[in-house]
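Here's the structure we're looking at; comments come further down.
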Amino acid sequence: MAIVLIRAVILYVLITFSLRLMGKRQLGELQPSELVVTILISNIAAIPVEDSSIPMIMGIVPILTLVCLDVIMSGIMLKSAKFRKLMIGSPRIIISEGEILQKEMKRLRYTVDDLTEAMREQQIFDITQVHYAIVETTGKINFLLKKDYQPAEKQDANAGGSTKNPPSVIIRDGIIDKDQLRLLDLGEQWLHKVLRENNLSEKGVFLMTSDSGGSYTIIKKSMEGAK
């Protein structure tokens with residue numbers, strides 16, 4: 001019994017350390033790759049605890065291997081937008097300007113029940129109140145209500161809310177998101193014109209967002225981030 005207790009404590013400390021090493025995001029909603037690693041770690045850890053005849057090293061080595069693999073994958077995803085998109089996908093718009101994009105829902109294999117359930121979780125019970133909805137890479141759906149149904153804050157009580165889709169990310173860490181540019185109907189010529197006006201290239205941009213009207217925000221790369 002004492003051996004089982006000691007094994008359980010060692011593996012508990014190891015797994016807690018491993019999850020912290022992989023990042024605090026592990027404690028919230030998991031990306032697909034993160035979920036796979038977490039499930040594998042939990043299954044591997046259970047084996048040496050349940051069977052005391054199995055050496056502890058048979059549990060420790062695979063767990064540390066998975067943690068190292070996750071850290072390496074995270075580093076690659078940080079440098080490569082294509083690899084990141086391949087591994088975790090990208091957010092997808094399913095409602096725009098109050099119109100449900102049925103083809104996009106079918107592509108994501110989202111049913112009407114999935115949509116209405118997600119609405120109810122955010123206290124929305126009428127689909128006609130929704131102006132915009134986006135499916136995050138975690139599977140969660142976030143909604144933007146039409147201006148007549150948005151709760152008024154003190155600073156915008158007279159403005160009455162927004163009637164436009166929220167801004168989309170069109171450059172992230174020096175990489176242009178051509179899909180978002182196409183959805184916004186702006187075009188690469190517009191983007192390069194804006195960059196020239198700001199004496200920038202896409203490589204010098206850490207984050208750039210824009211709405212369909214061309215109102216944009218640019219955050220330049222810091223000197224530390226550019227290294």
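Labels for the structure tokens follow display order: chains A, B, ..., residues from 1 in each chain, ligands from 1.
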Next item on the list: Show which residues sit within 9 Å of Val205 in chain A, as a ChimeraX atom specification. Count only C-alpha atoms, and ignore same-chain residues fewer than 5 positions away.
Entry: /A:171-175,200,218-221
Item checked: Long-range neighbours of range 58-69 of chain A as a ChimeraX atom specification, 9 Å cut-off, only C-alpha atoms, 2 positions minimum in chain -> /A:11,14-15,18-19,21-22,37,40-42,44-48,54-56,71-74
Would you save the residues of that selection, restricted to C-alpha atoms, as an mmCIF file, in the first residue's frame?
```cif
data_model
loop_
_atom_site.group_PDB
_atom_site.id
_atom_site.type_symbol
_atom_site.label_atom_id
_atom_site.label_comp_id
_atom_site.auth_asym_id
_atom_site.auth_seq_id
_atom_site.Cartn_x
_atom_site.Cartn_y
_atom_site.Cartn_z
ATOM 1 C CA LEU A 11 3.147 10.879 -10.597
ATOM 2 C CA LEU A 14 5.163 15.031 -12.229
ATOM 3 C CA ILE A 15 1.856 15.523 -14.074
ATOM 4 C CA SER A 18 4.135 18.830 -16.823
ATOM 5 C CA LEU A 19 0.826 20.652 -17.284
ATOM 6 C CA LEU A 21 5.270 23.466 -18.294
ATOM 7 C CA MET A 22 2.906 23.094 -21.251
ATOM 8 C CA VAL A 37 -1.589 14.970 -24.794
ATOM 9 C CA LEU A 40 -2.423 10.203 -23.052
ATOM 10 C CA ILE A 41 -0.659 11.473 -19.927
ATOM 11 C CA SER A 42 -3.576 10.496 -17.687
ATOM 12 C CA ILE A 44 0.022 6.445 -18.982
ATOM 13 C CA ALA A 45 0.136 7.633 -15.364
ATOM 14 C CA ALA A 46 -2.578 5.179 -14.346
ATOM 15 C CA ILE A 47 -0.570 2.118 -15.435
ATOM 16 C CA PRO A 48 2.314 2.215 -12.885
ATOM 17 C CA ILE A 54 5.796 -2.017 -13.539
ATOM 18 C CA PRO A 55 8.895 0.167 -12.973
ATOM 19 C CA MET A 56 8.161 3.848 -12.386
ATOM 20 C CA VAL A 71 6.597 22.122 -26.108
ATOM 21 C CA ILE A 72 8.386 21.520 -29.433
ATOM 22 C CA MET A 73 5.084 21.532 -31.331
ATOM 23 C CA SER A 74 4.088 24.780 -29.618
#
```
Next item on the list: Show which residues sit within 10 Å of range 141-147 of chain A, as an NGL selection string. Count only C-alpha atoms, and ignore same-chain residues fewer than 5 positions away.
Entry: :A and (91-98 or 114-115 or 117-119 or 121-122 or 124 or 127-136 or 152 or 159-166)
